[in-house]
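First comes the structure, then the notes that go with it.
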Amino acid sequence: MLHSSVQQRRKDAGLGPTELARRAGITRQALHNIEGGVSAPTTVVALRLAQALGCRVDELFHLTPDTVRARLIGDPAVSPTGQRVQLARLDQDLLAVALQGAPGLGQRADGVVTACHGPHVDVKLSGALELAGRSAVLIGCDPSLDLLAAHTCLAFPDLRVIVRPVSSQAALAGLAAAEAHLAGIHLWDAGTGESNLPFVRNLALGQPVHVIALWTWEQGLLTAAGNPGGIRGVDDLRGGGLRLINRDPGAGSRLMLDAWLDAAHFSAAERQALPGYQDEAASPLDAARRVQSGAADVAPGPRVAAQALGLHFVPLQREHFDLIVPAAHLSHPAVLALLHTARSAAFLLELSALGGYDAAQVGQVRAVVS
């Protein structure tokens, strides 16, 4: 596979595409195809481009391998072979993030897994490997993280943020396992009355970890449109007349539900006896879909999930949603771009329309945990 450095060299030289195309004696469209790796130049065109940019031909073009080995991140539903993946470099490691579910169908892959070697896989490339070095992996369960990543990639087209949806405690575990550059979490500790910080203090990554505020958001109960059951809080779950859909034990919404049940003096036996307490949804939107379909009457979750699917929302608590960034990744260009985008007017306008968010503290460092 031929990799082209023409675009970067052109930008470094302060030349526009029209001027470089003129000097090389080609059309601007031909230059665009060469810069994007769509087509390879003839020998004469390659020499003209090198002359115009004041460098050698081998500084503009070089061959890259067709297949690379990477550590597979994610749990494919079937054998990893044939799995579409996106690639990102984390320190000296190359990560292959599996593109899964409906969101993955709309994303372009960097390659396809052709063989499996334990935790590592061979990936046949379908794009430029260099993008992996400009990609950051973000893990977390807030539905708005995909929107933030999309705004970041639009504002910084040479960079990429790969979002992998997992619950908050799984996000911290992924960060500790070097499976991501940063994590978005919401974990309420009822004992201390703090969000996130008690859990980050238990990470022990061996380096400082920055806790950076994104926003606060409303958590509560999601019910059917119009709230036909007249649900006002967790006390209405008594008696077993309402069916619950829960989140997995590592989810922030599950921690909050348990704290609300504790505050309402539900015994352990009463909690376990709640219809649906053992049924777990994989994400806030998955829980909302279960309520929307009538498979459940109520679910814990954020207002944004209720508003997205036209459900009723019973607000019970506001909590912090923070980014957790190890110091080693704080200077990654895609991480810096994401933090910049999170404060942009265009993104914040859309975020406010999603419902339940307060981004007044966005970008502020809440703590640095050693």
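So you can find residues: chains in the structure tokens are A, B, ... in the order shown, residues in each start at 1, and ligands are numbered from 1 in order.
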Original post:
Do you know which residues are at most 12 Å from stretch 93-97 of chain A counting only C-alpha atoms, after dropping those on the same chain fewer than 6 positions away, and could you put them as a PyMOL selection string?
Top reply: chain A and resi 68-76+80+83-87+104+107+109-113+116+119-125+129-139+161-165+177-181
Original post:
Counting only C-alpha atoms, what is within 7 Å of A:Ala171, bar same-chain residues fewer than 3 positions away, as an MDAnalysis selection string?
Top reply: chainID A and resid 139:140 166:168 174:175 183
Subject >> Distance query A:Ala337 at most 9 Å, only C-alpha atoms, self and fewer than 2 positions along chain excluded, as an MDAnalysis selection string >> reply: chainID A and resid 152:153 155:156 159 332:335 339:342
Original post:
In stretch 169-344 of chain A, what's helix (DSSP H, G or I) per DSSP? Answer as JSON, numbers by chain?
Top reply: {"A": [169, 170, 171, 172, 173, 174, 175, 176, 197, 198, 199, 200, 234, 235, 236, 237, 252, 253, 254, 255, 256, 257, 258, 259, 260, 261, 262, 263, 268, 269, 270, 271, 272, 273, 284, 285, 286, 287, 288, 289, 290, 291, 292, 293, 303, 304, 305, 306, 307, 308, 327, 328, 329, 333, 334, 335, 336, 337, 338, 339, 340, 341, 342]}
**OP:** Find the residues near A:Pro228: any atom within 10 Å, counting only C-alpha atoms, skip ones fewer than 5 places away on the same chain, and give them as a ChimeraX atom specification.
**Re:** /A:223,297,312
Quick one: write out the picked residues with N, CA and C atoms as a short mmCIF file (atom, residue, chain, number, x, y, z; two decimals), in the first residue's frame?
```cif
data_model
loop_
_atom_site.label_atom_id
_atom_site.label_comp_id
_atom_site.auth_asym_id
_atom_site.auth_seq_id
_atom_site.Cartn_x
_atom_site.Cartn_y
_atom_site.Cartn_z
N THR A 223 -39.90 6.47 32.38
CA THR A 223 -41.18 5.78 32.32
C THR A 223 -41.82 6.03 30.95
N ASP A 297 -41.63 -1.13 32.70
CA ASP A 297 -42.40 0.07 33.06
C ASP A 297 -41.50 1.22 33.48
N HIS A 312 -41.27 9.70 29.44
CA HIS A 312 -41.41 10.60 30.59
C HIS A 312 -40.20 10.41 31.49
#
```
Just the residues within 10 Å of stretch 211-217 of chain A, please, counting only C-alpha atoms, with nothing from its chain fewer than 5 positions along; format it as a tab-separated table (two decimals) with N, CA and C atoms, in the first residue's frame.
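selection.tsv written:
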```
chain	number	residue	atom	x	y	z
A	142	ASP	N	-22.10	7.73	28.16
A	142	ASP	CA	-22.98	8.86	27.88
A	142	ASP	C	-23.26	8.91	26.38
A	183	ALA	N	-11.37	8.10	29.63
A	183	ALA	CA	-12.67	7.48	29.94
A	183	ALA	C	-13.64	8.55	30.41
A	184	GLY	N	-14.91	8.39	30.05
A	184	GLY	CA	-15.97	9.25	30.57
A	184	GLY	C	-16.79	8.45	31.57
A	185	ILE	N	-16.92	8.97	32.81
A	185	ILE	CA	-17.59	8.19	33.85
A	185	ILE	C	-18.57	9.03	34.65
A	186	HIS	N	-19.56	8.35	35.24
A	186	HIS	CA	-20.45	8.94	36.24
A	186	HIS	C	-20.72	7.87	37.29
A	196	ASN	N	-17.42	10.20	41.29
A	196	ASN	CA	-16.24	9.80	40.52
A	196	ASN	C	-14.93	9.75	41.30
A	197	LEU	N	-14.64	10.76	42.12
A	197	LEU	CA	-13.32	10.85	42.74
A	197	LEU	C	-12.97	9.63	43.58
A	200	VAL	N	-11.79	6.94	41.20
A	200	VAL	CA	-10.53	7.24	40.53
A	200	VAL	C	-9.36	7.03	41.49
A	302	PRO	N	-30.45	8.61	32.59
A	302	PRO	CA	-30.39	10.06	32.45
A	302	PRO	C	-31.55	10.62	31.63
A	303	ARG	N	-31.82	11.90	31.83
A	303	ARG	CA	-32.89	12.56	31.08
A	303	ARG	C	-32.66	12.46	29.57
A	304	VAL	N	-31.40	12.54	29.12
A	304	VAL	CA	-31.13	12.53	27.69
A	304	VAL	C	-31.67	11.27	27.03
A	317	GLN	N	-31.85	13.19	40.82
A	317	GLN	CA	-30.53	13.61	41.28
A	317	GLN	C	-29.73	14.17	40.11
A	318	ARG	N	-28.84	15.11	40.43
A	318	ARG	CA	-27.89	15.63	39.43
A	318	ARG	C	-26.50	15.13	39.81
A	319	GLU	N	-25.71	14.73	38.84
A	319	GLU	CA	-24.38	14.21	39.14
A	319	GLU	C	-23.37	14.67	38.10
A	320	HIS	N	-22.09	14.52	38.45
A	320	HIS	CA	-21.00	14.90	37.56
A	320	HIS	C	-20.74	13.81	36.53
A	321	PHE	N	-20.49	14.24	35.30
A	321	PHE	CA	-19.93	13.36	34.28
A	321	PHE	C	-18.57	13.94	33.92
A	322	ASP	N	-17.52	13.16	34.19
A	322	ASP	CA	-16.15	13.65	34.05
A	322	ASP	C	-15.36	12.81	33.06
A	323	LEU	N	-14.33	13.44	32.49
A	323	LEU	CA	-13.33	12.73	31.72
A	323	LEU	C	-12.17	12.36	32.65
A	324	ILE	N	-11.71	11.13	32.54
A	324	ILE	CA	-10.57	10.66	33.32
A	324	ILE	C	-9.42	10.45	32.34
A	325	VAL	N	-8.35	11.26	32.52
A	325	VAL	CA	-7.26	11.26	31.54
A	325	VAL	C	-5.93	11.03	32.26
A	326	PRO	N	-5.25	9.90	32.03
A	326	PRO	CA	-3.90	9.73	32.57
A	326	PRO	C	-2.97	10.80	32.02
A	339	LEU	N	-11.00	18.16	24.04
A	339	LEU	CA	-11.23	19.11	25.14
A	339	LEU	C	-11.55	20.49	24.59
A	342	ALA	N	-15.15	20.39	23.25
A	342	ALA	CA	-16.17	20.33	24.31
A	342	ALA	C	-16.57	21.71	24.80
A	343	ARG	N	-15.71	22.69	24.58
A	343	ARG	CA	-16.01	24.08	24.99
A	343	ARG	C	-16.52	24.93	23.83
A	351	LEU	N	-25.59	20.15	22.60
A	351	LEU	CA	-25.67	19.44	23.88
A	351	LEU	C	-26.86	19.92	24.70
A	355	GLY	N	-31.05	17.66	26.42
A	355	GLY	CA	-31.86	17.59	27.63
A	355	GLY	C	-31.10	17.13	28.86
A	356	GLY	N	-31.17	17.93	29.93
A	356	GLY	CA	-30.64	17.52	31.22
A	356	GLY	C	-29.19	17.84	31.48
A	357	TYR	N	-28.51	18.50	30.54
A	357	TYR	CA	-27.09	18.77	30.70
A	357	TYR	C	-26.85	20.20	31.20
A	358	ASP	N	-25.82	20.36	32.03
A	358	ASP	CA	-25.33	21.66	32.46
A	358	ASP	C	-23.82	21.64	32.29
A	359	ALA	N	-23.33	22.36	31.29
A	359	ALA	CA	-21.91	22.35	30.95
A	359	ALA	C	-21.18	23.58	31.46
A	360	ALA	N	-21.65	24.17	32.54
A	360	ALA	CA	-21.03	25.40	33.05
A	360	ALA	C	-19.58	25.19	33.45
A	361	GLN	N	-19.22	23.97	33.86
A	361	GLN	CA	-17.85	23.70	34.32
A	361	GLN	C	-17.00	22.97	33.29
A	362	VAL	N	-17.47	22.86	32.06
A	362	VAL	CA	-16.78	22.06	31.06
A	362	VAL	C	-15.32	22.48	30.93
A	363	GLY	N	-14.43	21.49	30.96
A	363	GLY	CA	-13.00	21.73	30.78
A	363	GLY	C	-12.24	22.02	32.05
A	364	GLN	N	-12.93	22.25	33.17
A	364	GLN	CA	-12.25	22.54	34.42
A	364	GLN	C	-11.68	21.26	35.02
A	365	VAL	N	-10.46	21.36	35.55
A	365	VAL	CA	-9.84	20.21	36.21
A	365	VAL	C	-10.40	20.12	37.64
A	366	ARG	N	-11.17	19.10	37.91
A	366	ARG	CA	-11.76	18.93	39.24
A	366	ARG	C	-10.74	18.39	40.23
A	367	ALA	N	-9.80	17.59	39.76
A	367	ALA	CA	-8.79	17.03	40.65
A	367	ALA	C	-7.69	16.40	39.83
A	368	VAL	N	-6.50	16.29	40.42
A	368	VAL	CA	-5.41	15.49	39.86
A	368	VAL	C	-5.08	14.45	40.94
A	369	VAL	N	-5.32	13.20	40.60
A	369	VAL	CA	-5.16	12.11	41.56
A	369	VAL	C	-3.88	11.37	41.26
```
Original post:
To one decimal place, how far is atom CA of A:Gly220 from atom CA of A:Val314 in Å?
Top reply: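 Atom CA of A:Gly220 sits 5.4 Å away from atom CA of A:Val314.
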Original post:
Which one is closest to A:Glu350: A:Val234, A:Leu147, A:Ala268, A:Leu47? Count only C-alpha atoms.
Top reply: A:Leu147
Which of stretch 1-104 of chain A counts as strand (DSSP E) under DSSP, as a PDB file with N, CA and C atoms, in the first residue's frame please?
```
ATOM      1  N   LEU A   2       0.622   2.183  -0.897  1.00  0.00           N
ATOM      2  CA  LEU A   2       1.444   3.385  -1.018  1.00  0.00           C
ATOM      3  C   LEU A   2       0.902   4.484  -0.119  1.00  0.00           C
ATOM      4  N   HIS A   3       1.775   4.994   0.766  1.00  0.00           N
ATOM      5  CA  HIS A   3       1.387   6.099   1.642  1.00  0.00           C
ATOM      6  C   HIS A   3       1.965   7.396   1.100  1.00  0.00           C
ATOM      7  N   SER A   4       1.135   8.436   1.079  1.00  0.00           N
ATOM      8  CA  SER A   4       1.540   9.739   0.574  1.00  0.00           C
ATOM      9  C   SER A   4       1.664  10.745   1.705  1.00  0.00           C
ATOM     10  N   PHE A  61       6.649   9.560  -0.646  1.00  0.00           N
ATOM     11  CA  PHE A  61       5.912   8.310  -0.842  1.00  0.00           C
ATOM     12  C   PHE A  61       6.708   7.145  -0.262  1.00  0.00           C
ATOM     13  N   HIS A  62       6.011   6.254   0.408  1.00  0.00           N
ATOM     14  CA  HIS A  62       6.636   5.010   0.852  1.00  0.00           C
ATOM     15  C   HIS A  62       5.577   3.928   0.987  1.00  0.00           C
ATOM     16  N   LEU A  63       6.019   2.693   0.891  1.00  0.00           N
ATOM     17  CA  LEU A  63       5.108   1.560   0.985  1.00  0.00           C
ATOM     18  C   LEU A  63       4.837   1.214   2.447  1.00  0.00           C
ATOM     19  N   THR A  67      -0.780  -5.802   6.078  1.00  0.00           N
ATOM     20  CA  THR A  67      -1.322  -6.430   7.277  1.00  0.00           C
ATOM     21  C   THR A  67      -0.491  -6.039   8.489  1.00  0.00           C
ATOM     22  N   VAL A  68      -1.164  -5.733   9.600  1.00  0.00           N
ATOM     23  CA  VAL A  68      -0.480  -5.389  10.849  1.00  0.00           C
ATOM     24  C   VAL A  68      -1.045  -6.250  11.969  1.00  0.00           C
ATOM     25  N   ARG A  69      -0.283  -6.356  13.055  1.00  0.00           N
ATOM     26  CA  ARG A  69      -0.759  -7.081  14.227  1.00  0.00           C
ATOM     27  C   ARG A  69      -1.139  -6.072  15.306  1.00  0.00           C
ATOM     28  N   ALA A  70      -2.285  -6.288  15.941  1.00  0.00           N
ATOM     29  CA  ALA A  70      -2.812  -5.347  16.935  1.00  0.00           C
ATOM     30  C   ALA A  70      -3.502  -6.111  18.052  1.00  0.00           C
ATOM     31  N   ARG A  71      -3.689  -5.430  19.191  1.00  0.00           N
ATOM     32  CA  ARG A  71      -4.417  -6.016  20.321  1.00  0.00           C
ATOM     33  C   ARG A  71      -5.897  -5.696  20.172  1.00  0.00           C
ATOM     34  N   LEU A  72      -6.732  -6.736  20.115  1.00  0.00           N
ATOM     35  CA  LEU A  72      -8.160  -6.548  19.874  1.00  0.00           C
ATOM     36  C   LEU A  72      -8.853  -6.044  21.133  1.00  0.00           C
ATOM     37  N   ILE A  73      -9.600  -4.958  20.990  1.00  0.00           N
ATOM     38  CA  ILE A  73     -10.360  -4.357  22.085  1.00  0.00           C
ATOM     39  C   ILE A  73     -11.842  -4.528  21.776  1.00  0.00           C
ATOM     40  N   ARG A  84     -14.629  -6.097  11.502  1.00  0.00           N
ATOM     41  CA  ARG A  84     -14.152  -4.784  11.073  1.00  0.00           C
ATOM     42  C   ARG A  84     -13.632  -4.024  12.295  1.00  0.00           C
ATOM     43  N   VAL A  85     -12.494  -3.334  12.147  1.00  0.00           N
ATOM     44  CA  VAL A  85     -11.891  -2.646  13.282  1.00  0.00           C
ATOM     45  C   VAL A  85     -11.364  -1.280  12.864  1.00  0.00           C
ATOM     46  N   GLN A  86     -11.247  -0.404  13.859  1.00  0.00           N
ATOM     47  CA  GLN A  86     -10.511   0.845  13.719  1.00  0.00           C
ATOM     48  C   GLN A  86      -9.266   0.744  14.586  1.00  0.00           C
ATOM     49  N   LEU A  87      -8.186   1.384  14.149  1.00  0.00           N
ATOM     50  CA  LEU A  87      -6.884   1.246  14.801  1.00  0.00           C
ATOM     51  C   LEU A  87      -6.472   2.532  15.491  1.00  0.00           C
ATOM     52  N   ALA A  88      -5.805   2.384  16.623  1.00  0.00           N
ATOM     53  CA  ALA A  88      -5.284   3.532  17.361  1.00  0.00           C
ATOM     54  C   ALA A  88      -4.006   3.111  18.076  1.00  0.00           C
ATOM     55  N   ARG A  89      -3.023   4.006  18.091  1.00  0.00           N
ATOM     56  CA  ARG A  89      -1.789   3.728  18.824  1.00  0.00           C
ATOM     57  C   ARG A  89      -1.919   4.272  20.243  1.00  0.00           C
ATOM     58  N   LEU A  90      -1.560   3.434  21.213  1.00  0.00           N
ATOM     59  CA  LEU A  90      -1.515   3.840  22.607  1.00  0.00           C
ATOM     60  C   LEU A  90      -0.124   3.489  23.118  1.00  0.00           C
ATOM     61  N   ASP A  93       1.794   0.415  21.751  1.00  0.00           N
ATOM     62  CA  ASP A  93       0.838  -0.631  21.402  1.00  0.00           C
ATOM     63  C   ASP A  93      -0.086  -0.163  20.288  1.00  0.00           C
ATOM     64  N   LEU A  94      -0.497  -1.095  19.430  1.00  0.00           N
ATOM     65  CA  LEU A  94      -1.489  -0.811  18.402  1.00  0.00           C
ATOM     66  C   LEU A  94      -2.776  -1.516  18.804  1.00  0.00           C
ATOM     67  N   LEU A  95      -3.845  -0.725  18.998  1.00  0.00           N
ATOM     68  CA  LEU A  95      -5.137  -1.263  19.406  1.00  0.00           C
ATOM     69  C   LEU A  95      -6.050  -1.414  18.194  1.00  0.00           C
ATOM     70  N   ALA A  96      -6.798  -2.503  18.173  1.00  0.00           N
ATOM     71  CA  ALA A  96      -7.825  -2.719  17.148  1.00  0.00           C
ATOM     72  C   ALA A  96      -9.175  -2.698  17.852  1.00  0.00           C
ATOM     73  N   VAL A  97      -9.938  -1.636  17.641  1.00  0.00           N
ATOM     74  CA  VAL A  97     -11.230  -1.466  18.309  1.00  0.00           C
ATOM     75  C   VAL A  97     -12.328  -2.012  17.400  1.00  0.00           C
ATOM     76  N   ALA A  98     -13.025  -3.028  17.885  1.00  0.00           N
ATOM     77  CA  ALA A  98     -14.055  -3.670  17.074  1.00  0.00           C
ATOM     78  C   ALA A  98     -15.225  -2.722  16.823  1.00  0.00           C
TER      79      ALA A  98
END
```
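Taking only C-alpha atoms into account, A:Ala288 lies nearest to A:Phe313 out of the set A:Phe313, A:Phe347, A:Phe199, A:Trp188.
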**OP:** Could you give me, as a count of residues only, the residues within 12 Å of stretch 248-250 of chain A, counting only C-alpha atoms and dropping anything in the same chain fewer than 2 positions from it?
**Re:** 37
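The residue that comes closest to A:Gly191, out of A:Ala263, A:Glu19, A:Gly230, A:Lys11 and on the basis of only C-alpha atoms, is A:Ala263.
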**OP:** Check the smallest atom-to-atom distance from each of A:Val298, A:Val209, A:Ala306, A:Ala40 to A:Asp236 using only C-alpha atoms, then report the winner.
**Re:**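 Counting only C-alpha atoms, the residue closest to A:Asp236 is A:Val298.
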As a CSV table (one decimal) with N, CA, C and O atoms, in the first residue's frame, please: the residues near A:Leu49 (cut-off 12 Å, only C-alpha atoms, same-chain neighbours under 6 positions excluded).
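Dumped everything to result-v2.csv:
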```csv
chain,number,residue,atom,x,y,z
A,4,SER,N,1.1,8.4,1.1
A,4,SER,CA,1.5,9.7,0.6
A,4,SER,C,1.7,10.7,1.7
A,4,SER,O,0.8,10.9,2.5
A,5,SER,N,2.8,11.5,1.7
A,5,SER,CA,3.0,12.6,2.7
A,5,SER,C,2.9,13.9,2.0
A,5,SER,O,3.3,14.9,2.6
A,6,VAL,N,2.4,13.9,0.8
A,6,VAL,CA,2.4,15.1,0.0
A,6,VAL,C,1.6,16.2,0.7
A,6,VAL,O,2.0,17.4,0.7
A,7,GLN,N,0.4,15.9,1.2
A,7,GLN,CA,-0.5,16.9,1.8
A,7,GLN,C,0.2,17.6,3.0
A,7,GLN,O,0.2,18.9,3.1
A,9,ARG,N,3.5,17.8,3.6
A,9,ARG,CA,4.6,18.5,3.1
A,9,ARG,C,4.2,19.8,2.4
A,9,ARG,O,4.8,20.9,2.6
A,10,ARG,N,3.1,19.8,1.7
A,10,ARG,CA,2.5,21.0,1.1
A,10,ARG,C,2.1,22.0,2.1
A,10,ARG,O,2.4,23.2,2.0
A,15,LEU,N,2.0,26.0,0.8
A,15,LEU,CA,1.5,26.0,-0.6
A,15,LEU,C,0.0,25.5,-0.5
A,15,LEU,O,-0.3,24.6,0.1
A,17,PRO,N,-3.3,23.8,-2.6
A,17,PRO,CA,-3.4,22.7,-3.6
A,17,PRO,C,-3.3,23.2,-5.0
A,17,PRO,O,-2.8,22.5,-5.9
A,19,GLU,N,-1.8,25.8,-6.3
A,19,GLU,CA,-0.4,26.2,-6.7
A,19,GLU,C,0.5,25.0,-6.9
A,19,GLU,O,1.3,24.9,-7.8
A,20,LEU,N,0.4,24.0,-6.0
A,20,LEU,CA,1.2,22.8,-6.1
A,20,LEU,C,0.8,22.0,-7.3
A,20,LEU,O,1.7,21.5,-8.1
A,21,ALA,N,-0.5,21.9,-7.6
A,21,ALA,CA,-0.9,21.2,-8.8
A,21,ALA,C,-0.3,21.9,-10.1
A,21,ALA,O,0.1,21.2,-11.0
A,22,ARG,N,-0.3,23.2,-10.1
A,22,ARG,CA,0.2,24.0,-11.2
A,22,ARG,C,1.7,23.7,-11.4
A,22,ARG,O,2.2,23.4,-12.5
A,23,ARG,N,2.4,23.7,-10.3
A,23,ARG,CA,3.9,23.4,-10.4
A,23,ARG,C,4.2,22.0,-10.9
A,23,ARG,O,5.2,21.8,-11.5
A,24,ALA,N,3.3,21.1,-10.5
A,24,ALA,CA,3.6,19.7,-10.9
A,24,ALA,C,3.0,19.3,-12.3
A,24,ALA,O,3.2,18.2,-12.8
A,25,GLY,N,2.2,20.3,-12.8
A,25,GLY,CA,1.7,20.0,-14.2
A,25,GLY,C,0.5,19.1,-14.2
A,25,GLY,O,0.3,18.3,-15.1
A,26,ILE,N,-0.3,19.1,-13.1
A,26,ILE,CA,-1.4,18.2,-13.0
A,26,ILE,C,-2.6,19.0,-12.5
A,26,ILE,O,-2.5,20.1,-12.1
A,31,LEU,N,-4.2,15.9,-7.9
A,31,LEU,CA,-3.4,16.1,-6.6
A,31,LEU,C,-4.2,15.7,-5.4
A,31,LEU,O,-3.6,15.0,-4.5
A,34,ILE,N,-4.0,12.0,-5.2
A,34,ILE,CA,-2.6,11.5,-4.8
A,34,ILE,C,-2.5,11.7,-3.3
A,34,ILE,O,-2.0,10.9,-2.5
A,35,GLU,N,-2.9,12.9,-2.8
A,35,GLU,CA,-2.8,13.2,-1.4
A,35,GLU,C,-3.6,12.3,-0.5
A,35,GLU,O,-3.3,11.9,0.6
A,41,PRO,N,1.0,8.4,-8.2
A,41,PRO,CA,1.5,9.3,-9.3
A,41,PRO,C,2.4,8.5,-10.2
A,41,PRO,O,3.0,7.5,-9.9
A,42,THR,N,2.6,9.0,-11.4
A,42,THR,CA,3.6,8.5,-12.3
A,42,THR,C,5.0,8.9,-11.8
A,42,THR,O,5.1,9.8,-11.0
A,43,THR,N,6.0,8.3,-12.4
A,43,THR,CA,7.4,8.7,-12.0
A,43,THR,C,7.6,10.1,-12.2
A,43,THR,O,8.2,10.8,-11.4
A,55,CYS,N,12.2,18.3,-1.7
A,55,CYS,CA,12.5,17.1,-0.9
A,55,CYS,C,12.7,16.0,-1.9
A,55,CYS,O,12.6,16.1,-3.1
A,56,ARG,N,13.1,14.8,-1.3
A,56,ARG,CA,13.3,13.6,-2.1
A,56,ARG,C,11.9,12.9,-2.4
A,56,ARG,O,11.0,13.0,-1.6
A,57,VAL,N,11.9,12.1,-3.4
A,57,VAL,CA,10.6,11.3,-3.7
A,57,VAL,C,10.3,10.4,-2.6
A,57,VAL,O,9.1,10.3,-2.2
A,58,ASP,N,11.4,9.8,-2.0
A,58,ASP,CA,11.1,8.8,-0.9
A,58,ASP,C,10.6,9.5,0.4
A,58,ASP,O,10.2,8.8,1.3
A,59,GLU,N,10.7,10.8,0.5
A,59,GLU,CA,10.2,11.5,1.6
A,59,GLU,C,8.7,11.8,1.4
A,59,GLU,O,8.0,12.2,2.3
A,60,LEU,N,8.2,11.7,0.1
A,60,LEU,CA,6.8,11.9,-0.2
A,60,LEU,C,6.0,10.6,-0.2
A,60,LEU,O,4.8,10.6,0.1
A,61,PHE,N,6.6,9.6,-0.6
A,61,PHE,CA,5.9,8.3,-0.8
A,61,PHE,C,6.7,7.1,-0.3
A,61,PHE,O,7.9,7.1,-0.4
```
Original post:
If you measure from atom CA of A:Asp158 to atom CA of A:Gly127, what distance in Å do you get, rounded to one decimal?
Top reply: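 Computing it gives 13.8 Å between the two atoms.
Of the listed residues A:Pro315, A:Pro103, A:Gly294, A:Pro198, the one whose atoms come nearest to A:Leu242 is A:Gly294, with distances taken using only C-alpha atoms.
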